[in-house]
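A.B. asks: Just dropping this structure here.
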Amino acid sequence: MDEALLRTLTPTVIGILVRRGADFAAAEDAVQDALIEAVRVWPDDPPRDPKGWLVTVAWRKFLDAGRADTSRRQREVRVEGEPTPGPGEMVDDTLQLYFLCAHPSLTPASAVALTLRAVGGLTTRQIAQAYLVPEATMAQRISRAKRTVSGVRFNQPGDVATVLRVLYLVFNEGYSGDVDLAGEAIRLTRQLAAKTNHEEVAGLLALMLLHHARRPARTGPDGRLVPLAEQDRSLWNTRLIAEGVDVLHTALTRDRLGEFQAQAAIAALHADAQTAEETDWVQIVEWYDELVRLTDSPVVRLNRAVAVGEADGPRAGLAALAGLDAALPRYAAVAAYLHERDGDPVTAARLYAEAARSAPSLPERDHLTRQAARLNAQLRS
Amino acid sequence: MTKYLLLKHYRGAPAAVNDVPMDQWTPEEFSAHMQYMQDFAARLEGTGEFVDGQALSPEGTFVRSDGEGRPPVTDGPFAETKDLIAGWMVIDVDTYERALELAGELSAAPGAGGKPIHEWLEVRPFLAAPPTITE
C-alpha cells in the first residue's frame, strides 16, 4: 500500500475531475472518498494503474453524490453533457489547487486544513488529530472553507506569497501526532518549488530543510527543549543541511531577496558552525538587518537583539532591545538571557520567572522555569 | 489557531448582572437556557471552532498523598470557601478577539425572566506546541 503515491496523486485527480466539469467542492469530496476506498481495497488488490483507478472511482463517487442529491440533478446532467477540455490548454492543476486552497478569503486555519486535504491528500481524521480537534469540527472547517472559495475560478492565477504563508504555518505550528506535519510541509513545498520558478519558494524550502535538520538535537531524551547553543551538533542531519544550503544558494543568485531567503541564510550560518562558539554572529546580524528592512517586524528586531548580544556583547544586545514593546512574546526571555550574560543574575532570574509565566508553550515554560531555578540556586549558594 | 478554555464558575467569579439562582427560574426559562447552550455548541461545530464542552458536578473532594504505604487523605468539600468550577467549553479560534466574542455570546445565555444572564466567564489560552523556527 503506497500511501505516499496516493497522496501525491490526490491533487492531480482533483484537477482531472474539475476539468471534466465537476465543481471543486464536489470533486474534492469525491476524491477524498476514493482515497478512503483505496486505503481499504489496495492492500489486497493493488491496481495496475493507480491514477486511472483513482480517477475512475472518484468520478463514480462524484456521479453517485450528484444522483443522491436531487437538487443537483439538473446541473449533473449538464455537466455530463459537456465535452472534456483537451489536454492542449492544461495549466498545472496542482499549482492551481495550491492557490485555491490558500485563497486570501480563507482564514489561516481554514487554508491550512484545506491545503492538507486537497493538496496533501490527508484524511479529515488525520488533520483533526494533527490539530487536536474533533473530526466533526475539522470536517465542518473544511466544508466551510470550500464554500468560501466556491466562487473562485479554478484557473485564476494566484499569489505565491499566500501559499507560502500557509505552508510556513503547517511547518511551524502543529503538534507531533501520527502525521508528521513538518515532513508534510516540506513535501508540499518541494512539490511547489518544482512547479514554480520563484526564489521565495526556494527560500522557504531551504528554511524548512535547515530547521528540520536540527530536529533530532532539539529535544532531549526526557522531552525537554535543548537550546541551539547546547545542541549536540553531531545529531544534525548533514544531508538535509547540504540540500538546504544548495537550494538557498541557487535562490540567492537570482538577487531577489525576500524574508524566507533571509531567514534561511541565518539558519544556514548556524548550520555552518561546527560549535556554537564558531557561529558567525556578525554576518547573522547583517542578515537580521536585511530582515528588518524587509519585514519591519518587532519579532525580528527582538531576535536581532539576541544576535547583536552575541556579536557585540550583552550591553549592545540590551541597547538593541530598547524601544521594543516589553509585552512582545518572548521579550522577557531575551532580556533575561542578555542580563545573565551581562553579569546580573538577580535581574535575569526575575525575568526568567516572568518569561515562564507568559510562555506560550509548555516546553518553553519548563525551559525558562529551569533557567530561573538554576540562577536562584546559584544566588543562594 | 489557538485553543481557549471558557470557564464557567458556580462560585468565585464576580456576580452576574442577572444574578438569580437557576432553581428560581421557571421551567420554560430553564429550557430556553439549555437550548441556547446546545445551539451555541452546535453553531461552533458548524464554524469548525468547537473542541469540547463539559459540565462538572458541584460535589468534589480534596485529596492528597499521606506518604508511602498509606491511603490518601481526603478532605472537604469546603462548601463556602473555594472557587467552584461549573463547567467549560474549549474552542479553537483564529484570534484572541474571536475568543472574547464567543465568550461574550456564551455569557449572554438567557436566564431569569428570559433575559441574558451576563455572567462572568474566564477565558484562558491553552499552552501550544513550541514553534520550530524561533531564531
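Ordered as shown in the C-alpha cells, chains take letters A, B, and onward, while each chain numbers its residues from 1 and ligands are numbered from 1 in the order shown.
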Please produce, as JSON lines, a per-residue contact table for chain A versus chain B (criterion: any atom at most 8 Å away, only C-alpha atoms considered), showing the nearest atom pair and its distance in Å to one decimal, sorted by chain then residue number.

C.D. replies:
{"residue": "A:Thr107", "atom": "CA", "partner": "B:Asp94", "partner_atom": "CA", "distance": 7.4}
{"residue": "A:Pro108", "atom": "CA", "partner": "B:Asp94", "partner_atom": "CA", "distance": 7.4}
{"residue": "A:Ala109", "atom": "CA", "partner": "B:Met1", "partner_atom": "CA", "distance": 6.1}
{"residue": "A:Val133", "atom": "CA", "partner": "B:Val51", "partner_atom": "CA", "distance": 5.3}
{"residue": "A:Pro134", "atom": "CA", "partner": "B:Val51", "partner_atom": "CA", "distance": 6.0}
{"residue": "A:Ala136", "atom": "CA", "partner": "B:Glu45", "partner_atom": "CA", "distance": 7.1}
{"residue": "A:Thr137", "atom": "CA", "partner": "B:Gly48", "partner_atom": "CA", "distance": 4.5}
{"residue": "A:Met138", "atom": "CA", "partner": "B:Gly48", "partner_atom": "CA", "distance": 5.8}
{"residue": "A:Ala139", "atom": "CA", "partner": "B:Gly48", "partner_atom": "CA", "distance": 7.4}
{"residue": "A:Gln140", "atom": "CA", "partner": "B:Gly48", "partner_atom": "CA", "distance": 5.1}
{"residue": "A:Arg141", "atom": "CA", "partner": "B:Gly48", "partner_atom": "CA", "distance": 4.2}
{"residue": "A:Ile142", "atom": "CA", "partner": "B:Gly48", "partner_atom": "CA", "distance": 7.9}
{"residue": "A:Arg144", "atom": "CA", "partner": "B:Thr47", "partner_atom": "CA", "distance": 7.2}
{"residue": "A:Phe171", "atom": "CA", "partner": "B:Thr132", "partner_atom": "CA", "distance": 7.6}
{"residue": "A:Asn172", "atom": "CA", "partner": "B:Pro131", "partner_atom": "CA", "distance": 5.2}
{"residue": "A:Glu173", "atom": "CA", "partner": "B:Pro131", "partner_atom": "CA", "distance": 5.6}
{"residue": "A:Gly174", "atom": "CA", "partner": "B:Ala129", "partner_atom": "CA", "distance": 6.6}
{"residue": "A:Tyr175", "atom": "CA", "partner": "B:Ala129", "partner_atom": "CA", "distance": 5.8}
{"residue": "A:His211", "atom": "CA", "partner": "B:Ile133", "partner_atom": "CA", "distance": 6.9}
{"residue": "A:Asn303", "atom": "CA", "partner": "B:Glu135", "partner_atom": "CA", "distance": 6.0}
{"residue": "A:Ala359", "atom": "CA", "partner": "B:Leu127", "partner_atom": "CA", "distance": 7.8}
{"residue": "A:Pro360", "atom": "CA", "partner": "B:Leu127", "partner_atom": "CA", "distance": 5.3}
{"residue": "A:Ser361", "atom": "CA", "partner": "B:Leu127", "partner_atom": "CA", "distance": 4.5}
{"residue": "A:Leu362", "atom": "CA", "partner": "B:Leu127", "partner_atom": "CA", "distance": 5.8}
{"residue": "A:Pro363", "atom": "CA", "partner": "B:Pro130", "partner_atom": "CA", "distance": 6.8}
{"residue": "A:Glu364", "atom": "CA", "partner": "B:Pro130", "partner_atom": "CA", "distance": 6.9}

A.B. asks: Take the residues that were just selected and, keeping N, CA and C atoms, output them as a compact mmCIF listing (two decimals), in the first residue's frame.

C.D. replies:
# COMPACT_ATOMS: atom_id res chain seq x y z
N THR A 107 -9.52 32.03 6.25
CA THR A 107 -8.73 32.27 7.46
C THR A 107 -7.52 31.34 7.41
N PRO A 108 -6.46 31.67 8.14
CA PRO A 108 -5.27 30.81 8.11
C PRO A 108 -5.59 29.36 8.46
N ALA A 109 -6.42 29.14 9.49
CA ALA A 109 -6.70 27.77 9.91
C ALA A 109 -7.45 27.01 8.82
N VAL A 133 -8.38 18.57 17.37
CA VAL A 133 -9.80 18.97 17.41
C VAL A 133 -10.63 17.76 16.97
N PRO A 134 -11.93 17.73 17.34
CA PRO A 134 -12.76 16.60 16.92
C PRO A 134 -12.86 16.53 15.40
N ALA A 136 -15.44 15.94 13.60
CA ALA A 136 -16.62 16.66 13.09
C ALA A 136 -16.31 18.15 12.92
N THR A 137 -15.57 18.71 13.87
CA THR A 137 -15.20 20.13 13.79
C THR A 137 -14.31 20.37 12.57
N MET A 138 -13.33 19.48 12.37
CA MET A 138 -12.44 19.66 11.22
C MET A 138 -13.19 19.49 9.91
N ALA A 139 -14.15 18.54 9.88
CA ALA A 139 -14.94 18.34 8.66
C ALA A 139 -15.71 19.61 8.32
N GLN A 140 -16.27 20.25 9.34
CA GLN A 140 -17.02 21.48 9.12
C GLN A 140 -16.10 22.62 8.67
N ARG A 141 -14.92 22.67 9.28
CA ARG A 141 -13.97 23.73 8.92
C ARG A 141 -13.62 23.61 7.43
N ILE A 142 -13.44 22.36 7.00
CA ILE A 142 -13.06 22.13 5.60
C ILE A 142 -14.23 22.43 4.66
N ARG A 144 -16.74 24.45 5.16
CA ARG A 144 -16.93 25.91 5.10
C ARG A 144 -15.88 26.57 4.21
N PHE A 171 4.36 23.97 8.68
CA PHE A 171 5.67 23.55 9.19
C PHE A 171 5.88 23.93 10.64
N ASN A 172 5.45 25.14 10.97
CA ASN A 172 5.89 25.73 12.24
C ASN A 172 4.90 25.58 13.38
N GLU A 173 3.64 25.35 13.08
CA GLU A 173 2.65 25.33 14.15
C GLU A 173 1.76 24.12 14.06
N GLY A 174 2.17 23.06 14.69
CA GLY A 174 1.32 21.89 14.74
C GLY A 174 1.82 21.02 15.86
N TYR A 175 1.13 19.94 16.11
CA TYR A 175 1.55 19.04 17.16
C TYR A 175 2.19 17.84 16.48
N HIS A 211 16.00 23.84 9.24
CA HIS A 211 15.48 23.68 10.61
C HIS A 211 15.13 22.22 10.89
N ASN A 303 14.70 39.16 17.88
CA ASN A 303 15.71 38.14 17.58
C ASN A 303 17.04 38.78 17.18
N ALA A 359 4.96 32.18 29.02
CA ALA A 359 5.41 31.34 27.89
C ALA A 359 4.22 30.76 27.15
N PRO A 360 4.26 30.78 25.80
CA PRO A 360 3.13 30.29 25.03
C PRO A 360 3.09 28.77 24.87
N SER A 361 4.14 28.07 25.26
CA SER A 361 4.11 26.61 25.15
C SER A 361 4.73 25.98 26.38
N LEU A 362 4.33 24.72 26.61
CA LEU A 362 4.78 24.02 27.82
C LEU A 362 6.29 23.77 27.83
N PRO A 363 6.88 23.27 26.74
CA PRO A 363 8.34 23.05 26.78
C PRO A 363 9.12 24.35 27.03
N GLU A 364 8.63 25.46 26.47
CA GLU A 364 9.31 26.74 26.71
C GLU A 364 9.18 27.14 28.18

A.B. asks: For Met89 of chain B, please output as an MDAnalysis selection string all residues within 6 Å (counting only C-alpha atoms; exclusion window: fewer than 5 positions along the same chain).

C.D. replies: chainID B and resid 5:6 52:53

A.B. asks: Quick one: residues within 8 Å of His367 of chain A, only C-alpha atoms counted, chain neighbours fewer than 5 positions away excluded, as a list in words?

C.D. replies: Arg224, Leu225 and Ala356 of chain A

A.B. asks: Could you write out, as a PyMOL selection string, all the residues of chain B that DSSP marks as strand (DSSP E)?

C.D. replies: chain B and resi 2-11+50-55+62-64+73-75+84-93+121-125

A.B. asks: With N, CA and C atoms retained, write the just-selected residues as a CSV table (one decimal), in the first residue's frame.

C.D. replies:
chain,number,residue,atom,x,y,z
B,2,THR,N,-5.5,29.1,18.1
B,2,THR,CA,-5.2,28.9,19.5
B,2,THR,C,-6.4,28.3,20.1
B,3,LYS,N,-6.2,27.4,21.1
B,3,LYS,CA,-7.3,26.9,21.8
B,3,LYS,C,-7.5,27.7,23.1
B,4,TYR,N,-8.8,28.0,23.4
B,4,TYR,CA,-9.1,28.7,24.6
B,4,TYR,C,-10.1,27.9,25.5
B,5,LEU,N,-9.9,28.0,26.8
B,5,LEU,CA,-10.9,27.5,27.7
B,5,LEU,C,-11.8,28.6,28.1
B,6,LEU,N,-13.1,28.3,28.0
B,6,LEU,CA,-14.1,29.3,28.5
B,6,LEU,C,-14.6,28.6,29.8
B,7,LEU,N,-14.3,29.2,30.9
B,7,LEU,CA,-14.5,28.6,32.2
B,7,LEU,C,-15.7,29.2,32.9
B,8,LYS,N,-16.6,28.4,33.3
B,8,LYS,CA,-17.8,28.9,34.0
B,8,LYS,C,-17.8,28.5,35.4
B,9,HIS,N,-18.0,29.5,36.3
B,9,HIS,CA,-17.9,29.2,37.7
B,9,HIS,C,-19.3,29.2,38.4
B,10,TYR,N,-19.5,28.2,39.3
B,10,TYR,CA,-20.6,28.3,40.2
B,10,TYR,C,-20.4,29.4,41.2
B,11,ARG,N,-19.1,29.5,41.6
B,11,ARG,CA,-18.8,30.5,42.7
B,11,ARG,C,-17.3,30.9,42.4
B,50,PHE,N,-15.4,24.3,17.5
B,50,PHE,CA,-15.7,23.6,18.7
B,50,PHE,C,-14.7,22.5,19.0
B,51,VAL,N,-14.3,22.4,20.2
B,51,VAL,CA,-13.4,21.3,20.6
B,51,VAL,C,-14.0,20.4,21.6
B,52,ASP,N,-14.6,21.0,22.7
B,52,ASP,CA,-15.1,20.2,23.8
B,52,ASP,C,-16.0,21.1,24.7
B,53,GLY,N,-16.9,20.4,25.3
B,53,GLY,CA,-17.7,21.1,26.4
B,53,GLY,C,-18.1,20.1,27.4
B,54,GLN,N,-17.9,20.5,28.7
B,54,GLN,CA,-18.3,19.5,29.7
B,54,GLN,C,-18.8,20.3,30.9
B,55,ALA,N,-19.7,19.7,31.6
B,55,ALA,CA,-20.2,20.2,32.9
B,55,ALA,C,-19.7,19.4,34.0
B,62,PHE,N,-11.2,17.1,48.1
B,62,PHE,CA,-9.7,17.3,48.1
B,62,PHE,C,-9.0,16.0,48.5
B,63,VAL,N,-8.0,15.7,47.8
B,63,VAL,CA,-7.2,14.5,48.0
B,63,VAL,C,-5.7,14.8,48.0
B,64,ARG,N,-5.0,14.2,49.0
B,64,ARG,CA,-3.5,14.4,48.9
B,64,ARG,C,-2.9,13.1,49.4
B,73,VAL,N,-5.2,10.9,51.9
B,73,VAL,CA,-6.1,11.7,52.8
B,73,VAL,C,-7.1,12.5,52.0
B,74,THR,N,-8.3,12.5,52.4
B,74,THR,CA,-9.3,13.3,51.7
B,74,THR,C,-9.8,14.3,52.7
B,75,ASP,N,-10.3,15.4,52.1
B,75,ASP,CA,-10.9,16.5,52.9
B,75,ASP,C,-12.0,17.2,52.1
B,84,LEU,N,-15.5,27.5,42.6
B,84,LEU,CA,-16.2,26.3,42.2
B,84,LEU,C,-16.5,26.3,40.7
B,85,ILE,N,-15.9,25.4,40.0
B,85,ILE,CA,-16.0,25.4,38.5
B,85,ILE,C,-17.3,24.6,38.1
B,86,ALA,N,-18.1,25.2,37.3
B,86,ALA,CA,-19.3,24.6,36.9
B,86,ALA,C,-19.1,23.8,35.6
B,87,GLY,N,-18.2,24.2,34.8
B,87,GLY,CA,-18.0,23.5,33.5
B,87,GLY,C,-17.2,24.4,32.6
B,88,TRP,N,-17.0,23.8,31.4
B,88,TRP,CA,-16.2,24.6,30.5
B,88,TRP,C,-16.5,24.3,29.0
B,89,MET,N,-16.0,25.1,28.2
B,89,MET,CA,-16.1,24.9,26.7
B,89,MET,C,-14.7,25.2,26.2
B,90,VAL,N,-14.2,24.3,25.3
B,90,VAL,CA,-12.9,24.5,24.7
B,90,VAL,C,-13.2,24.9,23.2
B,91,ILE,N,-12.6,26.0,22.8
B,91,ILE,CA,-12.8,26.4,21.4
B,91,ILE,C,-11.4,26.6,20.7
B,92,ASP,N,-11.4,26.5,19.4
B,92,ASP,CA,-10.2,26.6,18.6
B,92,ASP,C,-10.4,27.7,17.6
B,93,VAL,N,-9.8,28.9,17.8
B,93,VAL,CA,-10.1,30.0,17.0
B,93,VAL,C,-8.9,30.7,16.5
B,121,LEU,N,-17.4,34.9,32.5
B,121,LEU,CA,-16.7,33.7,32.1
B,121,LEU,C,-15.2,34.0,32.1
B,122,GLU,N,-14.4,33.0,32.5
B,122,GLU,CA,-13.0,33.2,32.4
B,122,GLU,C,-12.4,32.6,31.1
B,123,VAL,N,-11.6,33.4,30.4
B,123,VAL,CA,-11.1,33.0,29.1
B,123,VAL,C,-9.6,32.7,29.3
B,124,ARG,N,-9.1,31.5,29.1
B,124,ARG,CA,-7.7,31.2,29.2
B,124,ARG,C,-7.1,30.4,28.0
B,125,PRO,N,-6.0,30.9,27.5
B,125,PRO,CA,-5.4,30.2,26.4
B,125,PRO,C,-4.7,28.9,26.8

A.B. asks: Using the chain letters and numbers from this document, which residues of chain B does DSSP assign to alpha helix (DSSP H), as a PyMOL selection string?

C.D. replies: chain B and resi 27-46+96-107

A.B. asks: Would you save the residues of that selection, restricted to N, CA and C atoms, as a compact mmCIF listing (two decimals), in the first residue's frame?

C.D. replies:
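Result saved to out-v7.txt:
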# COMPACT_ATOMS: atom_id res chain seq x y z
N PRO B 27 -39.54 26.66 34.63
CA PRO B 27 -39.08 25.56 33.76
C PRO B 27 -38.85 26.02 32.33
N GLU B 28 -39.67 26.95 31.86
CA GLU B 28 -39.51 27.44 30.48
C GLU B 28 -38.19 28.20 30.34
N GLU B 29 -37.89 29.01 31.36
CA GLU B 29 -36.62 29.76 31.33
C GLU B 29 -35.44 28.81 31.34
N PHE B 30 -35.59 27.74 32.14
CA PHE B 30 -34.53 26.75 32.22
C PHE B 30 -34.33 26.07 30.86
N SER B 31 -35.45 25.67 30.24
CA SER B 31 -35.36 25.02 28.92
C SER B 31 -34.75 25.94 27.89
N ALA B 32 -35.14 27.21 27.94
CA ALA B 32 -34.61 28.17 26.97
C ALA B 32 -33.10 28.31 27.14
N HIS B 33 -32.65 28.26 28.40
CA HIS B 33 -31.21 28.37 28.68
C HIS B 33 -30.48 27.16 28.09
N MET B 34 -31.00 25.96 28.35
CA MET B 34 -30.37 24.74 27.87
C MET B 34 -30.31 24.71 26.34
N GLN B 35 -31.42 25.14 25.73
CA GLN B 35 -31.48 25.18 24.28
C GLN B 35 -30.41 26.12 23.72
N TYR B 36 -30.25 27.27 24.38
CA TYR B 36 -29.26 28.25 23.94
C TYR B 36 -27.87 27.63 23.97
N MET B 37 -27.56 26.90 25.06
CA MET B 37 -26.24 26.30 25.20
C MET B 37 -25.99 25.25 24.11
N GLN B 38 -27.03 24.44 23.85
CA GLN B 38 -26.89 23.41 22.81
C GLN B 38 -26.71 24.03 21.43
N ASP B 39 -27.51 25.07 21.17
CA ASP B 39 -27.42 25.74 19.87
C ASP B 39 -26.05 26.38 19.69
N PHE B 40 -25.55 26.94 20.77
CA PHE B 40 -24.24 27.60 20.73
C PHE B 40 -23.16 26.59 20.35
N ALA B 41 -23.17 25.42 21.02
CA ALA B 41 -22.17 24.38 20.73
C ALA B 41 -22.32 23.88 19.29
N ALA B 42 -23.57 23.69 18.87
CA ALA B 42 -23.81 23.19 17.51
C ALA B 42 -23.32 24.20 16.47
N ARG B 43 -23.54 25.48 16.77
CA ARG B 43 -23.12 26.51 15.82
C ARG B 43 -21.59 26.53 15.73
N LEU B 44 -20.91 26.38 16.87
CA LEU B 44 -19.45 26.37 16.85
C LEU B 44 -18.90 25.15 16.12
N GLU B 45 -19.62 24.04 16.22
CA GLU B 45 -19.17 22.89 15.45
C GLU B 45 -19.28 23.22 13.97
N GLY B 46 -20.37 23.91 13.62
CA GLY B 46 -20.58 24.31 12.23
C GLY B 46 -19.52 25.26 11.70
N TYR B 96 -7.54 36.01 19.43
CA TYR B 96 -7.98 36.27 20.80
C TYR B 96 -9.30 37.04 20.79
N GLU B 97 -9.44 37.96 19.84
CA GLU B 97 -10.66 38.75 19.74
C GLU B 97 -11.87 37.85 19.50
N ARG B 98 -11.67 36.83 18.64
CA ARG B 98 -12.75 35.89 18.37
C ARG B 98 -13.11 35.11 19.65
N ALA B 99 -12.11 34.75 20.44
CA ALA B 99 -12.37 34.03 21.70
C ALA B 99 -13.22 34.90 22.62
N LEU B 100 -12.88 36.18 22.69
CA LEU B 100 -13.66 37.09 23.55
C LEU B 100 -15.08 37.24 23.03
N GLU B 101 -15.21 37.34 21.71
CA GLU B 101 -16.53 37.50 21.10
C GLU B 101 -17.43 36.30 21.47
N LEU B 102 -16.86 35.10 21.35
CA LEU B 102 -17.64 33.89 21.63
C LEU B 102 -17.96 33.78 23.12
N ALA B 103 -17.00 34.13 23.97
CA ALA B 103 -17.25 34.10 25.41
C ALA B 103 -18.39 35.07 25.75
N GLY B 104 -18.39 36.22 25.09
CA GLY B 104 -19.44 37.21 25.30
C GLY B 104 -20.81 36.64 24.94
N GLU B 105 -20.86 35.92 23.80
CA GLU B 105 -22.13 35.32 23.39
C GLU B 105 -22.60 34.26 24.38
N LEU B 106 -21.64 33.47 24.86
CA LEU B 106 -22.00 32.40 25.80
C LEU B 106 -22.50 33.00 27.11
N SER B 107 -21.90 34.11 27.49
CA SER B 107 -22.27 34.78 28.74
C SER B 107 -23.69 35.36 28.67

A.B. asks: Got a sec: who's within 7 Å of Ile14 of chain A, counting only C-alpha atoms, leaving out chain neighbours fewer than 5 positions off, as a ChimeraX atom specification?

C.D. replies: /A:27-28,31

A.B. asks: Restrict the selected residues to C-alpha atoms and save them as a short mmCIF file (atom, residue, chain, number, x, y, z; two decimals), in the first residue's frame.

C.D. replies:
data_model
loop_
_atom_site.label_atom_id
_atom_site.label_comp_id
_atom_site.auth_asym_id
_atom_site.auth_seq_id
_atom_site.Cartn_x
_atom_site.Cartn_y
_atom_site.Cartn_z
CA ALA A 27 -14.56 16.92 -6.85
CA GLU A 28 -12.61 17.22 -3.62
CA VAL A 31 -11.51 12.18 -4.36
#

A.B. asks: List the neighbours of Ala113 of chain A out to 10 Å using only C-alpha atoms; skip same-chain residues closer than 3 positions along the sequence, and give me the result as an mmCIF file with C-alpha atoms, in the first residue's frame.

C.D. replies:
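Saved file part09.cif follows:
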data_model
loop_
_atom_site.group_PDB
_atom_site.id
_atom_site.type_symbol
_atom_site.label_atom_id
_atom_site.label_comp_id
_atom_site.auth_asym_id
_atom_site.auth_seq_id
_atom_site.Cartn_x
_atom_site.Cartn_y
_atom_site.Cartn_z
ATOM 1 C CA CYS A 101 -6.588 26.344 -1.003
ATOM 2 C CA ALA A 102 -4.586 29.357 0.176
ATOM 3 C CA PRO A 108 -5.266 30.813 8.112
ATOM 4 C CA ALA A 109 -6.698 27.768 9.909
ATOM 5 C CA SER A 110 -9.124 27.031 7.050
ATOM 6 C CA LEU A 116 -3.592 19.455 3.785
ATOM 7 C CA ARG A 117 -6.674 17.692 2.444
ATOM 8 C CA ALA A 118 -6.872 18.737 -1.198
ATOM 9 C CA VAL A 119 -3.174 19.193 -1.964
ATOM 10 C CA GLY A 120 -1.684 16.928 0.681
ATOM 11 C CA LEU A 122 -4.557 13.701 4.147
ATOM 12 C CA THR A 124 -10.067 14.700 7.663
ATOM 13 C CA ILE A 127 -5.872 16.543 10.014
ATOM 14 C CA ALA A 128 -8.167 16.639 13.047
ATOM 15 C CA TYR A 131 -4.541 19.821 15.302
ATOM 16 C CA MET A 138 -12.438 19.660 11.221
ATOM 17 C CA ALA A 139 -14.940 18.337 8.664
ATOM 18 C CA ARG A 141 -13.973 23.729 8.918
ATOM 19 C CA ILE A 142 -13.064 22.129 5.599
ATOM 20 C CA ALA A 145 -13.584 26.649 3.509
ATOM 21 C CA VAL A 166 0.102 28.600 4.661
ATOM 22 C CA VAL A 170 1.940 23.879 8.536
#

A.B. asks: Identify, on the basis of only C-alpha atoms, every residue whose closest approach to segment 271-283 of chain A does not exceed 10 Å; exclude the query and any residue fewer than 2 positions from it along the same chain; express the result as a PyMOL selection string.

C.D. replies: chain A and resi 210-211+213-214+228-234+236-238+241-242+244-245+265-269+285-289+306-312

A.B. asks: Pick out the residues sitting within 8 Å of Glu119 of chain B, and hand them over as a ChimeraX atom specification; count only C-alpha atoms, and ignore anything fewer than 2 positions along from it in its own chain.

C.D. replies: /B:15-19,107-108,117,121

A.B. asks: Atoms to include: N, CA and C atoms. Write the selected residues as a short mmCIF file (atom, residue, chain, number, x, y, z; two decimals), in the first residue's frame.

C.D. replies:
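Output file result07.cif is given in full below:
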data_model
loop_
_atom_site.label_atom_id
_atom_site.label_comp_id
_atom_site.auth_asym_id
_atom_site.auth_seq_id
_atom_site.Cartn_x
_atom_site.Cartn_y
_atom_site.Cartn_z
N ALA B 15 -20.25 38.60 40.52
CA ALA B 15 -21.68 38.32 40.34
C ALA B 15 -22.15 38.69 38.93
N ALA B 16 -23.03 37.87 38.39
CA ALA B 16 -23.61 38.16 37.08
C ALA B 16 -24.57 39.35 37.18
N VAL B 17 -24.90 39.95 36.03
CA VAL B 17 -25.85 41.06 36.03
C VAL B 17 -27.24 40.56 36.41
N ASN B 18 -27.65 39.48 35.75
CA ASN B 18 -28.97 38.89 36.02
C ASN B 18 -28.73 37.70 36.95
N ASP B 19 -28.48 37.99 38.23
CA ASP B 19 -27.93 37.00 39.15
C ASP B 19 -29.03 36.31 39.97
N SER B 107 -21.90 34.11 27.49
CA SER B 107 -22.27 34.78 28.74
C SER B 107 -23.69 35.36 28.67
N ALA B 108 -24.17 35.56 27.44
CA ALA B 108 -25.48 36.18 27.25
C ALA B 108 -26.60 35.15 27.20
N ILE B 117 -28.09 36.38 31.10
CA ILE B 117 -27.51 36.34 32.44
C ILE B 117 -26.37 37.34 32.58
N LEU B 121 -17.37 34.92 32.50
CA LEU B 121 -16.67 33.69 32.12
C LEU B 121 -15.18 33.98 32.10
#

A.B. asks: If you measure from atom CA of Asp29 of chain A to atom CA of Asp44 of chain A, what distance in Å do you get, rounded to one decimal?

C.D. replies: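 One can read the atom CA of Asp29 of chain A to atom CA of Asp44 of chain A distance as 24.2 Å.
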
A.B. asks: When distances are computed from only C-alpha atoms, which of A:Leu257, A:Ala130, A:Ala194, A:Val152 shows the smallest separation from Leu100 of chain A?

C.D. replies: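 Checking each of A:Leu257, A:Ala130, A:Ala194, A:Val152 against Leu100 of chain A, counting only C-alpha atoms, the winner is A:Val152.
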
A.B. asks: Atom CA of Val20 of chain B and atom CA of Ala112 of chain B, how far apart in Å?

C.D. replies: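 Calculated distance between atom CA of Ala112 of chain B and atom CA of Val20 of chain B is 6.3 Å.
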
A.B. asks: State, in Å with one decimal place, the distance from atom CA of Gln96 of chain A to atom CA of Val39 of chain A.

C.D. replies: 25.9 Å
